file upload_15.pdb (PDB, C-alpha atoms and all ligand atoms)
ATOM      1  CA  MET A   4       0.000   0.000   0.000
ATOM      2  CA  SER A   5       1.199   3.458  -0.845
ATOM      3  CA  GLU A   6       1.693   6.128   1.815
ATOM      4  CA  TYR A   7       1.297   8.783  -0.881
ATOM      5  CA  PHE A   8      -1.871   7.430  -2.503
ATOM      6  CA  PRO A   9      -3.822   6.020   0.463
ATOM      7  CA  VAL A  10      -6.854   3.790   0.068
ATOM      8  CA  GLY A  11      -9.859   4.782   2.152
ATOM      9  CA  ARG A  12     -11.313   2.547   4.836
ATOM     10  CA  VAL A  13     -15.098   2.487   5.258
ATOM     11  CA  VAL A  14     -16.190   4.021   8.594
ATOM     12  CA  ASP A  15     -19.664   4.361  10.082
ATOM     13  CA  LEU A  16     -20.314   7.888  11.403
ATOM     14  CA  ALA A  17     -24.106   7.916  11.340
ATOM     15  CA  PRO A  18     -27.055   6.299   9.537
ATOM     16  CA  GLN A  19     -27.363   7.466   5.897
ATOM     17  CA  VAL A  20     -23.782   8.729   5.961
ATOM     18  CA  ASN A  21     -21.247   6.756   3.900
ATOM     19  CA  SER A  22     -17.730   7.695   4.922
ATOM     20  CA  ARG A  23     -14.212   6.772   3.946
ATOM     21  CA  SER A  24     -11.289   7.486   6.224
ATOM     22  CA  TYR A  25      -7.760   8.089   4.945
ATOM     23  CA  ARG A  26      -4.637   8.091   7.103
ATOM     24  CA  LEU A  27      -2.425  11.073   6.186
ATOM     25  CA  GLY A  28       0.643  10.872   8.441
ATOM     26  CA  ASP A  29      -0.732  11.806  11.894
ATOM     27  CA  MET A  30      -3.906  13.268  10.405
ATOM     28  CA  GLU A  31      -7.174  11.675   9.349
ATOM     29  CA  LEU A  32      -9.123  12.732   6.280
ATOM     30  CA  ILE A  33     -12.772  11.690   6.065
ATOM     31  CA  VAL A  34     -14.835  12.028   2.889
ATOM     32  CA  SER A  35     -18.557  11.465   3.514
ATOM     33  CA  GLU A  36     -21.606  11.084   1.332
ATOM     34  CA  ILE A  37     -24.412  12.630   3.381
ATOM     35  CA  LEU A  38     -27.764  11.378   2.080
ATOM     36  CA  PRO A  39     -30.875  13.594   2.178
ATOM     37  CA  GLY A  40     -32.323  13.593   5.696
ATOM     38  CA  ALA A  41     -29.111  12.302   7.284
ATOM     39  CA  GLU A  42     -27.881  13.809  10.518
ATOM     40  CA  ILE A  43     -24.542  13.593  12.303
ATOM     41  CA  PRO A  44     -25.555  14.407  15.887
ATOM     42  CA  MET A  45     -23.703  16.928  18.044
ATOM     43  CA  HIS A  46     -20.443  15.538  19.348
ATOM     44  CA  SER A  47     -17.028  16.774  20.415
ATOM     45  CA  HIS A  48     -13.566  15.255  20.592
ATOM     46  CA  PRO A  49     -10.030  16.195  21.630
ATOM     47  CA  GLU A  50      -8.850  16.416  18.007
ATOM     48  CA  LEU A  51      -9.013  19.603  15.951
ATOM     49  CA  GLN A  52     -11.330  19.339  12.957
ATOM     50  CA  ALA A  53     -11.636  21.372   9.776
ATOM     51  CA  GLY A  54     -13.676  20.862   6.661
ATOM     52  CA  MET A  55     -15.855  22.019   3.818
ATOM     53  CA  CYS A  56     -18.562  20.906   1.417
ATOM     54  CA  LEU A  57     -17.300  19.206  -1.751
ATOM     55  CA  ARG A  58     -20.654  18.691  -3.461
ATOM     56  CA  GLY A  59     -24.238  19.873  -2.959
ATOM     57  CA  SER A  60     -24.855  21.531   0.381
ATOM     58  CA  PHE A  61     -25.444  20.639   4.005
ATOM     59  CA  THR A  62     -26.017  22.433   7.294
ATOM     60  CA  PHE A  63     -23.130  22.521   9.750
ATOM     61  CA  GLY A  64     -23.394  23.710  13.352
ATOM     62  CA  ILE A  65     -20.743  24.809  15.849
ATOM     63  CA  GLU A  66     -21.542  25.150  19.550
ATOM     64  CA  GLY A  67     -21.801  28.869  20.388
ATOM     65  CA  GLN A  68     -21.733  29.921  16.717
ATOM     66  CA  GLY A  69     -25.015  28.628  15.351
ATOM     67  CA  GLU A  70     -25.492  26.939  12.001
ATOM     68  CA  ARG A  71     -24.490  27.743   8.421
ATOM     69  CA  LEU A  72     -25.432  26.162   5.127
ATOM     70  CA  LEU A  73     -22.127  24.968   3.664
ATOM     71  CA  THR A  74     -22.403  25.149  -0.116
ATOM     72  CA  GLU A  75     -20.332  23.380  -2.749
ATOM     73  CA  LEU A  76     -16.661  24.463  -2.623
ATOM     74  CA  GLN A  77     -17.593  27.756  -0.922
ATOM     75  CA  THR A  78     -17.618  27.649   2.853
ATOM     76  CA  GLY A  79     -15.373  25.916   5.339
ATOM     77  CA  TYR A  80     -15.098  25.621   9.082
ATOM     78  CA  GLY A  81     -12.650  24.950  11.870
ATOM     79  CA  VAL A  82     -13.565  23.397  15.221
ATOM     80  CA  THR A  83     -11.193  23.213  18.149
ATOM     81  CA  SER A  84     -10.852  20.580  20.904
ATOM     82  CA  GLY A  85     -13.948  19.850  22.921
ATOM     83  CA  VAL A  86     -16.282  22.164  21.015
ATOM     84  CA  GLY A  87     -19.563  20.572  19.925
ATOM     85  CA  HIS A  88     -20.401  20.364  16.235
ATOM     86  CA  TRP A  89     -23.009  18.629  14.082
ATOM     87  CA  ALA A  90     -24.205  18.343  10.502
ATOM     88  CA  ARG A  91     -27.351  17.448   8.611
ATOM     89  CA  ASN A  92     -28.571  17.370   5.057
ATOM     90  CA  GLU A  93     -31.961  19.051   4.804
ATOM     91  CA  GLY A  94     -31.862  19.079   0.996
ATOM     92  CA  THR A  95     -33.011  16.569  -1.577
ATOM     93  CA  GLU A  96     -29.575  15.842  -3.115
ATOM     94  CA  VAL A  97     -26.674  13.810  -1.799
ATOM     95  CA  ALA A  98     -24.022  16.089  -0.288
ATOM     96  CA  ILE A  99     -20.325  15.293   0.039
ATOM     97  CA  GLY A 100     -18.322  16.653   2.932
ATOM     98  CA  LEU A 101     -14.599  16.681   3.687
ATOM     99  CA  ASP A 102     -13.360  16.580   7.284
ATOM    100  CA  LEU A 103      -9.746  16.762   8.408
ATOM    101  CA  LYS A 104      -8.801  15.776  11.958
ATOM    102  CA  ARG A 105      -5.535  16.065  13.807
ATOM    103  CA  ALA A 106      -4.270  15.908  17.382
ATOM    104  CA  ALA A 107      -4.551  19.157  19.328
ATOM    105  CA  ASP A 108      -0.899  19.201  20.399
ATOM    106  CA  ALA A 109       0.032  21.247  17.323
ATOM    107  CA  GLN A 110       1.640  24.607  18.032
ATOM    108  CA  GLY A 111      -0.178  27.892  17.783
ATOM    109  CA  PRO A 112      -3.666  29.084  18.650
ATOM    110  CA  THR A 113      -6.684  27.234  17.414
ATOM    111  CA  GLY A 114     -10.274  28.349  17.384
ATOM    112  CA  SER A 115     -13.677  27.601  15.956
ATOM    113  CA  GLY A 116     -15.663  29.319  13.255
ATOM    114  CA  PHE A 117     -16.943  29.449   9.704
ATOM    115  CA  LEU A 118     -14.633  30.530   6.867
ATOM    116  CA  ASP A 119     -15.462  31.867   3.424
ATOM    117  CA  LEU A 120     -13.606  31.069   0.225
ATOM    118  CA  VAL A 121     -11.258  33.839  -0.955
ATOM    119  CA  PRO A 122     -10.247  34.000  -4.642
ATOM    120  CA  GLY A 123      -6.524  33.774  -5.413
ATOM    121  CA  ARG A 124      -4.379  34.790  -8.379
ATOM    122  CA  PRO A 125      -4.112  32.186 -11.182
ATOM    123  CA  SER A 126      -0.614  30.739 -11.551
ATOM    124  CA  LYS A 127       1.470  31.185 -14.708
ATOM    125  CA  GLN A 128       1.508  27.393 -15.088
ATOM    126  CA  GLY A 129      -2.252  27.221 -15.613
ATOM    127  CA  MET A 130      -3.766  26.709 -12.177
ATOM    128  CA  THR A 131      -6.822  28.660 -10.987
ATOM    129  CA  VAL A 132      -7.062  28.761  -7.204
ATOM    130  CA  SER A 133      -9.162  29.980  -4.278
ATOM    131  CA  PHE A 134      -8.616  29.479  -0.581
ATOM    132  CA  ILE A 135     -10.212  28.779   2.753
ATOM    133  CA  VAL A 136      -7.572  29.604   5.346
ATOM    134  CA  GLY A 137      -7.945  28.647   8.992
ATOM    135  CA  ASP A 138      -5.505  28.994  11.869
ATOM    136  CA  TRP A 139      -3.862  25.559  11.434
ATOM    137  CA  PHE A 140      -4.973  24.561   7.924
ATOM    138  CA  GLU A 141      -5.501  25.832   4.424
ATOM    139  CA  LEU A 142      -7.929  24.308   1.926
ATOM    140  CA  MET A 143      -7.300  25.348  -1.674
ATOM    141  CA  VAL A 144      -9.785  24.759  -4.483
ATOM    142  CA  ALA A 145      -7.497  24.287  -7.489
ATOM    143  CA  ASP A 146      -8.362  23.779 -11.138
ATOM    144  CA  LEU A 147      -5.426  22.528 -13.188
ATOM    145  CA  THR A 148      -6.263  23.365 -16.796
ATOM    146  CA  VAL A 149      -5.293  21.151 -19.742
ATOM    147  CA  GLY A 150      -1.574  21.675 -20.374
ATOM    148  CA  GLY A 151      -1.167  23.141 -16.883
ATOM    149  CA  SER A 152       1.403  21.945 -14.392
ATOM    150  CA  MET A 153       2.705  22.312 -10.890
ATOM    151  CA  VAL A 154       6.478  22.207 -11.124
ATOM    152  CA  ARG A 155       8.392  19.770  -8.911
ATOM    153  CA  HIS A 156       8.893  21.296  -5.473
ATOM    154  CA  LYS A 157       8.875  20.482  -1.782
ATOM    155  CA  HIS A 158       8.023  22.307   1.429
ATOM    156  CA  ARG A 159       7.728  21.829   5.160
ATOM    157  CA  HIS A 160       3.923  21.719   4.993
ATOM    158  CA  GLU A 161       1.991  18.513   4.821
ATOM    159  CA  GLN A 162      -0.112  18.535   1.664
ATOM    160  CA  PHE A 163      -3.008  16.421   0.488
ATOM    161  CA  GLY A 164      -5.457  16.424  -2.400
ATOM    162  CA  VAL A 165      -8.981  15.136  -2.986
ATOM    163  CA  SER A 166     -10.015  14.926  -6.626
ATOM    164  CA  ILE A 167     -13.396  16.494  -7.430
ATOM    165  CA  SER A 168     -13.587  16.096 -11.222
ATOM    166  CA  GLY A 169     -11.319  15.465 -14.179
ATOM    167  CA  SER A 170      -7.843  14.047 -13.624
ATOM    168  CA  TYR A 171      -4.138  14.769 -13.956
ATOM    169  CA  SER A 172      -0.865  13.022 -13.459
ATOM    170  CA  MET A 173       0.625  13.395  -9.976
ATOM    171  CA  GLN A 174       4.198  12.565  -8.978
ATOM    172  CA  ILE A 175       5.152  12.200  -5.311
ATOM    173  CA  GLY A 176       8.654  11.052  -4.396
ATOM    174  CA  ALA A 177       9.366   8.178  -6.809
ATOM    175  CA  GLU A 178       5.683   7.330  -7.389
ATOM    176  CA  GLU A 179       3.527   8.513 -10.247
ATOM    177  CA  ARG A 180      -0.248   8.028 -10.599
ATOM    178  CA  VAL A 181      -3.254   9.345 -12.457
ATOM    179  CA  PHE A 182      -5.078  11.385  -9.837
ATOM    180  CA  GLY A 183      -8.835  11.573 -10.513
ATOM    181  CA  ALA A 184     -12.295  10.226  -9.621
ATOM    182  CA  SER A 185     -12.355  10.713  -5.830
ATOM    183  CA  ASP A 186      -8.683   9.759  -5.441
ATOM    184  CA  VAL A 187      -6.695  11.071  -2.497
ATOM    185  CA  TYR A 188      -2.990  11.841  -2.309
ATOM    186  CA  TYR A 189      -0.739  12.779   0.598
ATOM    187  CA  THR A 190       2.638  14.494   0.511
ATOM    188  CA  PRO A 191       4.561  14.398   3.807
ATOM    189  CA  PRO A 192       6.828  17.343   4.681
ATOM    190  CA  ALA A 193       9.948  17.717   2.478
ATOM    191  CA  ILE A 194       8.868  15.115  -0.115
ATOM    192  CA  GLU A 195       9.134  16.381  -3.699
ATOM    193  CA  HIS A 196       5.950  16.450  -5.764
ATOM    194  CA  SER A 197       4.652  17.752  -9.067
ATOM    195  CA  ALA A 198       1.591  17.557 -11.296
ATOM    196  CA  PHE A 199       0.877  17.761 -14.997
ATOM    197  CA  ASN A 200      -2.422  17.773 -16.853
ATOM    198  CA  ASP A 201      -2.066  16.347 -20.367
ATOM    199  CA  GLY A 202      -5.841  16.400 -20.937
ATOM    200  CA  PRO A 203      -8.472  15.874 -22.080
ATOM    201  CA  GLU A 204     -10.149  18.033 -19.393
ATOM    202  CA  GLY A 205      -9.278  20.262 -16.452
ATOM    203  CA  GLY A 206      -8.646  18.627 -13.106
ATOM    204  CA  LEU A 207     -10.496  20.111 -10.136
ATOM    205  CA  ALA A 208      -9.307  19.196  -6.659
ATOM    206  CA  VAL A 209      -9.301  20.399  -3.084
ATOM    207  CA  VAL A 210      -5.701  20.639  -1.926
ATOM    208  CA  GLY A 211      -4.991  20.967   1.791
ATOM    209  CA  PHE A 212      -1.922  22.353   3.583
ATOM    210  CA  VAL A 213      -1.018  21.982   7.261
ATOM    211  CA  PRO A 214       0.067  24.433   8.530
ATOM    212  CA  PRO A 215      -1.330  27.101   6.166
ATOM    213  CA  ARG A 216       1.204  28.594   3.750
ATOM    214  CA  TYR A 217       1.720  32.309   3.104
ATOM    215  CA  HIS A 218      -1.918  33.341   3.314
ATOM    216  CA  ARG A 219      -2.862  35.139   6.477
ATOM    217  CA  PRO A 220      -4.740  32.700   8.691
ATOM    218  CA  ALA A 221      -8.176  33.703   9.939
ATOM    219  CA  VAL A 222      -8.523  34.542  13.612
ATOM    220  CA  LEU A 223     -11.169  32.202  14.913
ATOM    221  CA  ASP A 224     -13.052  32.325  18.185
ATOM    222  CA  ALA A 225     -10.818  30.944  20.918
ATOM    223  CA  PRO A 226     -12.249  28.198  23.122
ATOM    224  CA  ALA A 227     -13.833  29.595  26.298
ATOM    225  CA  ALA A 228     -11.235  27.954  28.542
ATOM    226  CA  THR A 229      -8.299  29.856  27.033
ATOM    227  CA  ARG A 230     -10.027  33.139  26.208
ATOM    228  CA  SER A 231      -8.258  36.013  27.972
ATOM    229  CA  GLY A 232      -9.881  39.040  29.612
ATOM    230  CA  SER A 233     -13.593  39.243  30.251
TER     231      SER A 233
HETATM  232 FE    FE B 301     -16.214  15.742  14.679
HETATM  233 FE    FE B 302       3.236  21.485  -2.722
END

call {"tool": "encode", "arguments": {"input": "upload_15.pdb", "output": "structure tokens"}}
result
Amino acid sequence: MSEYFPVGRVVDLAPQVNSRSYRLGDMELIVSEILPGAEIPMHSHPELQAGMCLRGSFTFGIEGQGERLLTELQTGYGVTSGVGHWARNEGTEVAIGLDLKRAADAQGPTGSGFLDLVPGRPSKQGMTVSFIVGDWFELMVADLTVGGSMVRHKHRHEQFGVSISGSYSMQIGAEERVFGASDVYYTPPAIEHSAFNDGPEGGLAVVGFVPPRYHRPAVLDAPAATRSGS
């Protein structure tokens, strides 16, 4: 089995929710089909969680912050340790959600809140991008056009990708794969990677970075226990 192109394991989060869990180093990525009428009841856990809607829409709630309708590739969220959160699909279409979980011992402040997508500048190599940037994570919606590439590079950030539509060729370390149709990849820190789209269509993916890169992280509501002042 490949560390860079992990295979998901079926997990049972709630009735009418079909989830796959992927191990990404010390993190866990969960991609869930949330059927109409399905509900993931309020729960909390020590791990930090972040996520967004990949397809359709669903309602997401955060204790103390109310609920928001998360729409396709538009709105994200971050939830810190011990803060309750829930989700449900009140619509008539299947929704797909992405959740990223990691241990809370990471450095830096973490908080909870909803985050809106911010458009970015297209790259010279043919990649159109927008971002949801939290305090410990960054989720990039990236469309690699036909003929577009991401030149071979490496960085200290962990990186992962979830394919939304289309496909492209992805190289990580010494491995090379076609990345498409709900595939997931994971690039550990300091491992070289690159991508190239030789067609026939653009490749749309959500690409995550931990910690966030050069974009200014959002300041989210701190948990009550560590909030200073009044
Ligand atoms: Fe959770
Ligand atoms: Fe990268």

call {"tool": "residues_near_ligand", "arguments": {"input": "upload_15.pdb", "ligand": "ligand FE 302 (chain B)", "cutoff": "8 Å", "atoms": "all atoms listed in the file", "output": "PyMOL selection string"}}
result
chain A and resi 156-158+160+162+190+195-197

call {"tool": "write_last_selection", "arguments": {"input": "upload_15.pdb", "atoms": "C-alpha atoms", "output": "short mmCIF file (atom, residue, chain, number, x, y, z; two decimals), in the coordinates of the input"}}
result
data_model
loop_
_atom_site.label_atom_id
_atom_site.label_comp_id
_atom_site.auth_asym_id
_atom_site.auth_seq_id
_atom_site.Cartn_x
_atom_site.Cartn_y
_atom_site.Cartn_z
CA HIS A 156 8.89 21.30 -5.47
CA LYS A 157 8.88 20.48 -1.78
CA HIS A 158 8.02 22.31 1.43
CA HIS A 160 3.92 21.72 4.99
CA GLN A 162 -0.11 18.54 1.66
CA THR A 190 2.64 14.49 0.51
CA GLU A 195 9.13 16.38 -3.70
CA HIS A 196 5.95 16.45 -5.76
CA SER A 197 4.65 17.75 -9.07
#

call {"tool": "resolve_selection", "arguments": {"input": "upload_15.pdb", "expression": "the PyMOL selection byres (((chain A and resi 53-60) around 8) and not hetatm)", "output": "list of chain:residue names"}}
result
A:Leu51, A:Gln52, A:Phe61, A:Thr62, A:Leu72, A:Leu73, A:Thr74, A:Glu75, A:Leu76, A:Gln77, A:Thr78, A:Gly79, A:Tyr80, A:Gly81, A:Val82, A:Asn92, A:Gly94, A:Glu96, A:Val97, A:Ala98, A:Ile99, A:Gly100, A:Leu101, A:Asp102, A:Leu103, A:Lys104, A:Phe140, A:Ile167

call {"tool": "closest_residue", "arguments": {"input": "upload_15.pdb", "among": "A:Thr83, A:Ser185, A:Thr95, A:Thr113", "to": "Pro214 (chain A)", "atoms": "only C-alpha atoms"}}
result
A:Thr113

call {"tool": "resolve_selection", "arguments": {"input": "upload_15.pdb", "expression": "the PyMOL selection byres (((not hetatm)) within 7 of (chain B and resi 301))", "output": "list of chain:residue names"}}
result
A:His46, A:Ser47, A:His48, A:Gln52, A:His88

call {"tool": "resolve_selection", "arguments": {"input": "upload_15.pdb", "expression": "the PyMOL selection byres (((chain A and resi 21) around 6) and not hetatm)", "output": "ChimeraX atom specification"}}
result
/A:20,22,35-36

call {"tool": "write_last_selection", "arguments": {"input": "upload_15.pdb", "atoms": "C-alpha atoms", "output": "compact mmCIF listing (two decimals), in the coordinates of the input"}}
result
# COMPACT_ATOMS: atom_id res chain seq x y z
CA VAL A 20 -23.78 8.73 5.96
CA SER A 22 -17.73 7.70 4.92
CA SER A 35 -18.56 11.46 3.51
CA GLU A 36 -21.61 11.08 1.33

call {"tool": "atom_distance", "arguments": {"input": "upload_15.pdb", "atom1": "CA of Phe8 (chain A)", "atom2": "CA of Tyr189 (chain A)"}}
result
6.3 Å

call {"tool": "atom_distance", "arguments": {"input": "upload_15.pdb", "atom1": "CA of Arg71 (chain A)", "atom2": "CA of Ser24 (chain A)"}}
result
24.3 Å

call {"tool": "closest_residue", "arguments": {"input": "upload_15.pdb", "among": "A:Phe199, A:Phe117, A:Phe134, A:Phe163", "to": "Val181 (chain A)", "atoms": "all atoms listed in the file"}}
result
A:Phe199

call {"tool": "closest_residue", "arguments": {"input": "upload_15.pdb", "among": "A:Ser5, A:Ser166, A:Gln128, A:Ser84", "to": "Val209 (chain A)", "atoms": "all atoms listed in the file"}}
result
A:Ser166

call {"tool": "atom_distance", "arguments": {"input": "upload_15.pdb", "atom1": "CA of Pro122 (chain A)", "atom2": "CA of Gly183 (chain A)"}}
result
23.2 Å

call {"tool": "closest_residue", "arguments": {"input": "upload_15.pdb", "among": "A:Val136, A:Gly211, A:Ala198, A:Asp15", "to": "Gly164 (chain A)", "atoms": "all atoms listed in the file"}}
result
A:Gly211

call {"tool": "closest_residue", "arguments": {"input": "upload_15.pdb", "among": "A:Met173, A:Val132, A:Leu118, A:Val154", "to": "Leu223 (chain A)", "atoms": "only C-alpha atoms"}}
result
A:Leu118

call {"tool": "residues_around", "arguments": {"input": "upload_15.pdb", "residues": "Tyr171 (chain A)", "least_positions_apart": "4", "cutoff": "9 Å", "atoms": "all atoms listed in the file", "output": "list in words"}}
result
Leu147, Val149, Arg180, Val181, Phe182, Gly183, Ala198, Phe199, Asn200, Asp201, Gly202, Glu204, Gly205 and Gly206 of chain A

call {"tool": "residues_near_point", "arguments": {"input": "upload_15.pdb", "point": "(-2.2, 20.0, 21.6)", "cutoff": "12 Å", "atoms": "all atoms listed in the file", "output": "compact mmCIF listing (two decimals) with C-alpha atoms, in the frame of the given file"}}
result
# COMPACT_ATOMS: atom_id res chain seq x y z
CA PRO A 49 -10.03 16.20 21.63
CA GLU A 50 -8.85 16.42 18.01
CA LEU A 51 -9.01 19.60 15.95
CA THR A 83 -11.19 23.21 18.15
CA SER A 84 -10.85 20.58 20.90
CA GLY A 85 -13.95 19.85 22.92
CA ARG A 105 -5.54 16.07 13.81
CA ALA A 106 -4.27 15.91 17.38
CA ALA A 107 -4.55 19.16 19.33
CA ASP A 108 -0.90 19.20 20.40
CA ALA A 109 0.03 21.25 17.32
CA GLN A 110 1.64 24.61 18.03
CA GLY A 111 -0.18 27.89 17.78
CA PRO A 112 -3.67 29.08 18.65
CA THR A 113 -6.68 27.23 17.41
CA TRP A 139 -3.86 25.56 11.43

call {"tool": "closest_residue", "arguments": {"input": "upload_15.pdb", "among": "A:Val213, A:Ala208, A:Ile65, A:Ala177", "to": "Glu6 (chain A)", "atoms": "all atoms listed in the file"}}
result
A:Ala177

call {"tool": "decode", "arguments": {"input": "upload_15.pdb", "residues": "region 71-89 of chain A", "atoms": "N, CA and C atoms", "output": "mmCIF file, in the first residue's frame"}}
result
data_model
loop_
_atom_site.group_PDB
_atom_site.id
_atom_site.type_symbol
_atom_site.label_atom_id
_atom_site.label_comp_id
_atom_site.auth_asym_id
_atom_site.auth_seq_id
_atom_site.Cartn_x
_atom_site.Cartn_y
_atom_site.Cartn_z
ATOM 1 N N ARG A 71 -24.621 27.131 9.755
ATOM 2 C CA ARG A 71 -24.490 27.743 8.421
ATOM 3 C C ARG A 71 -24.765 26.669 7.384
ATOM 4 N N LEU A 72 -25.308 27.084 6.254
ATOM 5 C CA LEU A 72 -25.432 26.162 5.127
ATOM 6 C C LEU A 72 -24.088 26.182 4.404
ATOM 7 N N LEU A 73 -23.399 25.057 4.392
ATOM 8 C CA LEU A 73 -22.127 24.968 3.664
ATOM 9 C C LEU A 73 -22.461 24.587 2.228
ATOM 10 N N THR A 74 -22.089 25.427 1.283
ATOM 11 C CA THR A 74 -22.403 25.149 -0.116
ATOM 12 C C THR A 74 -21.143 24.697 -0.853
ATOM 13 N N GLU A 75 -21.370 24.060 -1.974
ATOM 14 C CA GLU A 75 -20.332 23.380 -2.749
ATOM 15 C C GLU A 75 -19.092 24.249 -2.979
ATOM 16 N N LEU A 76 -17.965 23.827 -2.425
ATOM 17 C CA LEU A 76 -16.661 24.463 -2.623
ATOM 18 C C LEU A 76 -16.671 25.952 -2.275
ATOM 19 N N GLN A 77 -17.471 26.330 -1.270
ATOM 20 C CA GLN A 77 -17.593 27.756 -0.922
ATOM 21 C C GLN A 77 -17.271 28.085 0.531
ATOM 22 N N THR A 78 -17.747 27.275 1.444
ATOM 23 C CA THR A 78 -17.618 27.649 2.853
ATOM 24 C C THR A 78 -16.942 26.524 3.622
ATOM 25 N N GLY A 79 -16.048 26.908 4.512
ATOM 26 C CA GLY A 79 -15.373 25.916 5.339
ATOM 27 C C GLY A 79 -15.583 26.219 6.806
ATOM 28 N N TYR A 80 -14.980 25.401 7.639
ATOM 29 C CA TYR A 80 -15.098 25.621 9.082
ATOM 30 C C TYR A 80 -13.868 25.070 9.778
ATOM 31 N N GLY A 81 -13.642 25.547 10.981
ATOM 32 C CA GLY A 81 -12.650 24.950 11.870
ATOM 33 C C GLY A 81 -13.311 24.765 13.224
ATOM 34 N N VAL A 82 -13.013 23.657 13.888
ATOM 35 C CA VAL A 82 -13.565 23.397 15.221
ATOM 36 C C VAL A 82 -12.409 22.958 16.103
ATOM 37 N N THR A 83 -12.298 23.576 17.274
ATOM 38 C CA THR A 83 -11.193 23.213 18.149
ATOM 39 C C THR A 83 -11.606 22.131 19.150
ATOM 40 N N SER A 84 -10.643 21.675 19.944
ATOM 41 C CA SER A 84 -10.852 20.580 20.904
ATOM 42 C C SER A 84 -12.058 20.820 21.792
ATOM 43 N N GLY A 85 -12.879 19.815 21.928
ATOM 44 C CA GLY A 85 -13.948 19.850 22.921
ATOM 45 C C GLY A 85 -15.144 20.708 22.567
ATOM 46 N N VAL A 86 -15.152 21.317 21.407
ATOM 47 C CA VAL A 86 -16.282 22.164 21.015
ATOM 48 C C VAL A 86 -17.273 21.335 20.186
ATOM 49 N N GLY A 87 -18.536 21.381 20.586
ATOM 50 C CA GLY A 87 -19.563 20.572 19.925
ATOM 51 C C GLY A 87 -19.804 21.010 18.495
ATOM 52 N N HIS A 88 -20.095 20.061 17.636
ATOM 53 C CA HIS A 88 -20.401 20.364 16.235
ATOM 54 C C HIS A 88 -21.280 19.263 15.679
ATOM 55 N N TRP A 89 -22.047 19.577 14.643
ATOM 56 C CA TRP A 89 -23.009 18.629 14.082
ATOM 57 C C TRP A 89 -23.254 18.984 12.621
#
